[in-house]
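Worksheet: one structure, shown below.
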Amino acid sequence: MSDTTLDRPIAEPPPVSRRQRLVDALDERLGLKSLQYPIPAHANTLAYSLGGLSLIAFVLMVATGIFLTQYYNPDPAAAHESVRHIITGVTLGGFVRGFHYWGSMAMIVLVGLHLLRVFASASFKRPREGNWVIGVALAALTAGLFFTGSVLKWDQESLEALEHNIEIGKLLGKFGFWFSDTFGGIPLLTRLYVVHIAVLPALFTLAVAVHLLLVKRHGMAPSPFGDRAKDSGPEPTRPFTRHLAELGVLGLVLVGVLTLLAVLLPPVHGPTPIEGIEVTKPPWPLLWVYPVEDWIGVVGILWATLAIFAALLVVPLVDRSPELHPRRRLPVVIGAGVVVALIIGLIIYAAVRPVASHISM
Amino acid sequence: MPGTSRGPRLLSAIAVAWLAVAALATPAAAHEGEESVPALTQVQVAVAILRTQPELVDLAADRINDATEAEDKDGVDIDRVEQAKIALEAGDMAKTELLLEQALGACPGQPVTNPAGVRARLPQTPCPTPAHELALGRVPLHGAAKPTLLAIGAVLTLGGLVLTRRIR
């Protein structure tokens with residue numbers, strides 16, 4: 001070693017800001033910087049943020065749901081009155097209920113659009129088939145959360161939904177025991193409440209965790225759309241934390257829109273329910289089965305729902321080609337388009353036709 | 001271009017197919033053989049329609065007529081039903097509902113049937129507020145909360161949209 005080396009003064013480390021020290025301290029303990037892994041640039045588009053937005057909607061539902069559980073009484077004799085109390089007697093109760101209502105609608109729409117995006121971009125193909133199945137399960141859990149939530153408000157529409165639920169339970173024979181109004185010695189409404197606030201959210205959280213872990217494991221699916229699909233070079237990447245920041249901003253928009261809807265269009269609460277009659281229609285996300293029920297009876301709800309989810313589950317088995325662009329997968333894309341058009345058509349048809357009785361009185 | 005005309009043609013085909021299915025399908029008729037439906041059920045349905053969907057007054061009138069013509073009139077005071085019919089024709093919905101409830105011998109506003117376990121029976125005395133008066137419909141926010149929340153919603157929506165553009 002030469003003397004010159006020894007004599008050179010030791011360089012002072014650059015001053016570290018307080019914010020940086022805080023980030024470093026947190027990173028040392030929580031590993032935050034490990035979230036800065038690269039993801040493809042197309043992940044930061046709205047279409048590829050629908051899954052994240054669905055999760056944000058779920059978190060908002062949990063937050064507002066915790067508020068509502070403080071005042072809601074799941075006893076059938078008191079449920080309607082407790083909802084009335086939330087709307088008229090609790091500070092901001094009507095607003096939080098409205099936010100929860102519109103949030104549930106947003107979650108249904110976002111999950112549906114996310115599912116369509118994954119289908120359109122063939123993001124379910126090898127090796128992501130398992131994650132597609134988990135995604136379908138998450139869609140089913142979302143539908144379950146929506147249905148059970150629509151029963152809890154306990155007005156005429158809710159009771160009619162529950163009566164259909166009981167009828168479907170009967171169709172399931174021994175397997176429908178849980179939907180029997182005599183099982184467990186506790187009213188079905190109270191048990192549905194437990195399912196809505198505990199069982200389904202727990203299953204949803206678990207499934208989301210596995211869903212996200214598999215997204216991390218397989219990486220973000222390639223996009224068949226846009227210029228990148230034609231270019232041969234590698235797609236530019238961005239840190240995942242950037243994606244999180246964008247999701248946060250989109251989450252702000254979601255909160256803003258839900259706030260406006262909750263204030264401007266508060267949800268209706270109907271009269272105390274009367275059993276054994278049908279004078280209402282289900283909310284629009286469930287309306288597509290209404291004509292099916294008209295045509296083939298209550299059993300139609302069961303079969304139509306099972307058919308939709310069965311069709312979703314077999315998608316990776318039917319569409320196994322390596323092609324990603326919808327134009328190169330025309331038969332399956334047309335098939336899916338027909339199903340989507342049929343569901344939208346059924347919703348519109350059910351909305352304009354008069355109310356009909358389906359359950360024998 | 002042949003590719004551009006395929007979409008509309010496909011959509012038209014789907015629409016025609018769907019309309020054909022809708023037209024051919026026979027709706028499960030709720031009004032077949034009205035005479036065989038007990039008057040009790042007809043009156044219950046009429047009460048429910050008046051409570052939940054008063055705009056469907058013709059449907060309620062049909063049910064009241066069917067009740068008077070039903071073969072099984074057990075448990076129904078048909079004189080009251082006839083009075084309800086007159087009240088409905090006079091446009092007095094509240095009186096119609098009350099008379100129909102009385103025709104069933106029910107406590108006004110109370111559930112008129114009680115299938116096992118779906119819901120618990122409410123105390124019958126004293127009679128609580130009639131059910132139709134408990135329908136809140138849409139309850140708007142009052143006071144300072146409304147403009148405050150509207151402002152917060154607008155700021156979050158617009159601010160979020162601006163930030164979305166900036167962050168990209």
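Just so we're on the same page: first chain in the structure tokens is A, next is B, and so on; residues restart at 1 for each chain, and ligands are numbered from 1 in the order they show up.
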Show which residues sit within 10 Å of stretch 284-293 of chain A, as an NGL selection string. Count only C-alpha atoms, and ignore same-chain residues fewer than 6 positions away. (:A and (105 or 108-109 or 143 or 146-147 or 161 or 299-305 or 342-351 or 353 or 355-359)) or (:B and (22 or 25 or 27-28))
Go ahead and save the picked residues with N, CA and C atoms, as a compact mmCIF listing (two decimals), in the first residue's frame.
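What follows is the written file selection-v3.txt:
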```txt
# COMPACT_ATOMS: atom_id res chain seq x y z
N MET A 105 -72.01 -2.37 -4.67
CA MET A 105 -72.28 -2.34 -6.12
C MET A 105 -70.96 -2.18 -6.88
N ILE A 108 -68.98 -5.39 -6.95
CA ILE A 108 -69.53 -6.35 -7.93
C ILE A 108 -69.05 -5.97 -9.34
N VAL A 109 -69.17 -4.68 -9.67
CA VAL A 109 -68.79 -4.22 -11.02
C VAL A 109 -67.28 -4.40 -11.24
N ALA A 143 -70.22 -12.48 -4.75
CA ALA A 143 -71.67 -12.65 -4.96
C ALA A 143 -72.35 -13.04 -3.65
N PHE A 146 -72.62 -10.07 -1.43
CA PHE A 146 -73.67 -9.17 -1.91
C PHE A 146 -75.05 -9.70 -1.52
N PHE A 147 -75.26 -11.00 -1.77
CA PHE A 147 -76.58 -11.59 -1.48
C PHE A 147 -76.89 -11.50 0.02
N ALA A 161 -85.96 -12.51 -0.87
CA ALA A 161 -84.68 -13.13 -1.24
C ALA A 161 -84.40 -14.31 -0.31
N VAL A 299 -85.86 -23.57 -9.35
CA VAL A 299 -84.71 -24.41 -9.66
C VAL A 299 -83.80 -23.72 -10.69
N GLY A 300 -84.40 -22.81 -11.49
CA GLY A 300 -83.63 -22.09 -12.50
C GLY A 300 -82.51 -21.25 -11.88
N ILE A 301 -82.77 -20.70 -10.69
CA ILE A 301 -81.75 -19.88 -10.02
C ILE A 301 -80.53 -20.74 -9.75
N LEU A 302 -80.82 -21.93 -9.22
CA LEU A 302 -79.73 -22.85 -8.86
C LEU A 302 -78.93 -23.25 -10.09
N TRP A 303 -79.63 -23.70 -11.13
CA TRP A 303 -78.94 -24.20 -12.31
C TRP A 303 -78.21 -23.09 -13.06
N ALA A 304 -78.86 -21.92 -13.17
CA ALA A 304 -78.22 -20.82 -13.92
C ALA A 304 -76.94 -20.38 -13.20
N THR A 305 -77.01 -20.28 -11.88
CA THR A 305 -75.83 -19.85 -11.12
C THR A 305 -74.72 -20.88 -11.22
N LEU A 342 -76.16 -12.12 -23.05
CA LEU A 342 -77.36 -12.78 -22.53
C LEU A 342 -77.67 -12.29 -21.11
N ILE A 343 -76.63 -12.20 -20.27
CA ILE A 343 -76.84 -11.76 -18.89
C ILE A 343 -77.35 -10.31 -18.87
N ILE A 344 -76.72 -9.45 -19.68
CA ILE A 344 -77.17 -8.05 -19.73
C ILE A 344 -78.60 -7.98 -20.26
N GLY A 345 -78.88 -8.77 -21.31
CA GLY A 345 -80.23 -8.81 -21.87
C GLY A 345 -81.26 -9.27 -20.85
N LEU A 346 -80.91 -10.30 -20.08
CA LEU A 346 -81.83 -10.81 -19.06
C LEU A 346 -82.09 -9.76 -17.98
N ILE A 347 -81.05 -9.02 -17.61
CA ILE A 347 -81.22 -7.97 -16.59
C ILE A 347 -82.20 -6.91 -17.10
N ILE A 348 -82.00 -6.49 -18.36
CA ILE A 348 -82.88 -5.45 -18.93
C ILE A 348 -84.32 -5.99 -19.05
N TYR A 349 -84.43 -7.22 -19.54
CA TYR A 349 -85.76 -7.83 -19.71
C TYR A 349 -86.47 -7.93 -18.35
N ALA A 350 -85.73 -8.35 -17.32
CA ALA A 350 -86.33 -8.49 -15.98
C ALA A 350 -86.72 -7.13 -15.42
N ALA A 351 -85.95 -6.12 -15.76
CA ALA A 351 -86.23 -4.78 -15.22
C ALA A 351 -87.53 -4.22 -15.77
N ARG A 353 -90.13 -6.11 -17.15
CA ARG A 353 -91.33 -6.95 -17.04
C ARG A 353 -91.94 -6.82 -15.63
N VAL A 355 -93.71 -7.68 -11.94
CA VAL A 355 -93.36 -8.61 -10.87
C VAL A 355 -94.20 -9.88 -11.01
N ALA A 356 -93.59 -11.03 -10.75
CA ALA A 356 -94.34 -12.29 -10.81
C ALA A 356 -94.05 -13.11 -9.56
N SER A 357 -94.99 -13.99 -9.23
CA SER A 357 -94.79 -14.89 -8.09
C SER A 357 -94.13 -16.17 -8.57
N HIS A 358 -93.16 -16.65 -7.81
CA HIS A 358 -92.47 -17.89 -8.19
C HIS A 358 -92.59 -18.97 -7.13
N ILE A 359 -92.67 -18.55 -5.88
CA ILE A 359 -92.75 -19.54 -4.81
C ILE A 359 -94.22 -19.79 -4.52
N ALA B 22 -86.76 -14.96 -25.69
CA ALA B 22 -87.63 -14.24 -24.75
C ALA B 22 -89.09 -14.31 -25.19
N ALA B 25 -90.42 -18.08 -24.80
CA ALA B 25 -90.52 -18.61 -23.44
C ALA B 25 -91.85 -18.21 -22.82
N PRO B 27 -93.84 -17.27 -19.63
CA PRO B 27 -93.65 -16.91 -18.23
C PRO B 27 -94.53 -17.76 -17.32
N ALA B 28 -93.98 -18.13 -16.18
CA ALA B 28 -94.77 -18.88 -15.20
C ALA B 28 -95.88 -17.97 -14.72
```
Residues near B:Gln83, cut-off 10 Å, only C-alpha atoms, skip fewer than 2 positions along chain, as an MDAnalysis selection string: chainID B and resid 78:81 85:89 95:96 99:100 103
Suppose we keep N, CA and C atoms; can you now write the selection as a PDB file, in the first residue's frame?
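Generated output (selection-v1.pdb):
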```
ATOM      1  N   ILE B  78    -115.258 -11.006   4.134  1.00  0.00           N
ATOM      2  CA  ILE B  78    -115.440 -10.541   2.750  1.00  0.00           C
ATOM      3  C   ILE B  78    -116.131  -9.174   2.700  1.00  0.00           C
ATOM      4  N   ASP B  79    -116.986  -8.890   3.702  1.00  0.00           N
ATOM      5  CA  ASP B  79    -117.634  -7.563   3.727  1.00  0.00           C
ATOM      6  C   ASP B  79    -116.581  -6.453   3.782  1.00  0.00           C
ATOM      7  N   ARG B  80    -115.564  -6.703   4.611  1.00  0.00           N
ATOM      8  CA  ARG B  80    -114.471  -5.712   4.710  1.00  0.00           C
ATOM      9  C   ARG B  80    -113.720  -5.603   3.383  1.00  0.00           C
ATOM     10  N   VAL B  81    -113.559  -6.729   2.728  1.00  0.00           N
ATOM     11  CA  VAL B  81    -112.856  -6.712   1.433  1.00  0.00           C
ATOM     12  C   VAL B  81    -113.655  -5.882   0.429  1.00  0.00           C
ATOM     13  N   LYS B  85    -112.549  -2.526  -1.489  1.00  0.00           N
ATOM     14  CA  LYS B  85    -112.641  -2.350  -2.950  1.00  0.00           C
ATOM     15  C   LYS B  85    -113.199  -0.954  -3.261  1.00  0.00           C
ATOM     16  N   ILE B  86    -114.238  -0.575  -2.513  1.00  0.00           N
ATOM     17  CA  ILE B  86    -114.850   0.753  -2.726  1.00  0.00           C
ATOM     18  C   ILE B  86    -113.841   1.853  -2.352  1.00  0.00           C
ATOM     19  N   ALA B  87    -113.132   1.640  -1.242  1.00  0.00           N
ATOM     20  CA  ALA B  87    -112.140   2.635  -0.799  1.00  0.00           C
ATOM     21  C   ALA B  87    -111.042   2.801  -1.844  1.00  0.00           C
ATOM     22  N   LEU B  88    -110.640   1.676  -2.435  1.00  0.00           N
ATOM     23  CA  LEU B  88    -109.577   1.733  -3.450  1.00  0.00           C
ATOM     24  C   LEU B  88    -110.072   2.486  -4.687  1.00  0.00           C
ATOM     25  N   GLU B  89    -111.317   2.207  -5.069  1.00  0.00           N
ATOM     26  CA  GLU B  89    -111.886   2.910  -6.232  1.00  0.00           C
ATOM     27  C   GLU B  89    -111.969   4.415  -5.970  1.00  0.00           C
ATOM     28  N   LYS B  95    -107.041   3.827   3.762  1.00  0.00           N
ATOM     29  CA  LYS B  95    -108.254   3.168   4.246  1.00  0.00           C
ATOM     30  C   LYS B  95    -108.365   1.757   3.645  1.00  0.00           C
ATOM     31  N   THR B  96    -107.998   1.639   2.384  1.00  0.00           N
ATOM     32  CA  THR B  96    -108.032   0.324   1.721  1.00  0.00           C
ATOM     33  C   THR B  96    -107.159  -0.665   2.479  1.00  0.00           C
ATOM     34  N   LEU B  99    -108.636  -1.587   5.869  1.00  0.00           N
ATOM     35  CA  LEU B  99    -109.793  -2.482   5.755  1.00  0.00           C
ATOM     36  C   LEU B  99    -109.354  -3.901   5.396  1.00  0.00           C
ATOM     37  N   LEU B 100    -108.363  -3.996   4.525  1.00  0.00           N
ATOM     38  CA  LEU B 100    -107.871  -5.332   4.147  1.00  0.00           C
ATOM     39  C   LEU B 100    -107.222  -6.023   5.343  1.00  0.00           C
ATOM     40  N   ALA B 103    -109.878  -7.151   7.476  1.00  0.00           N
ATOM     41  CA  ALA B 103    -110.557  -8.305   6.874  1.00  0.00           C
ATOM     42  C   ALA B 103    -109.858  -9.606   7.237  1.00  0.00           C
TER      43      ALA B 103
END
```
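Distances to A:Pro127 were evaluated for A:Ala221, A:Met61, A:Ala25, A:Leu324 using only C-alpha atoms, and the minimum falls at A:Ala221.
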For the alpha helix (DSSP H) assignment from backbone DSSP, which residues of stretch 120-224 of chain A qualify? Please present them as number ranges by chain. A: 120, 129-152, 156-171, 188-194, 200-218
Chain A contacts to chain B at 8 Å (only C-alpha atoms) as a count of residues only: 59
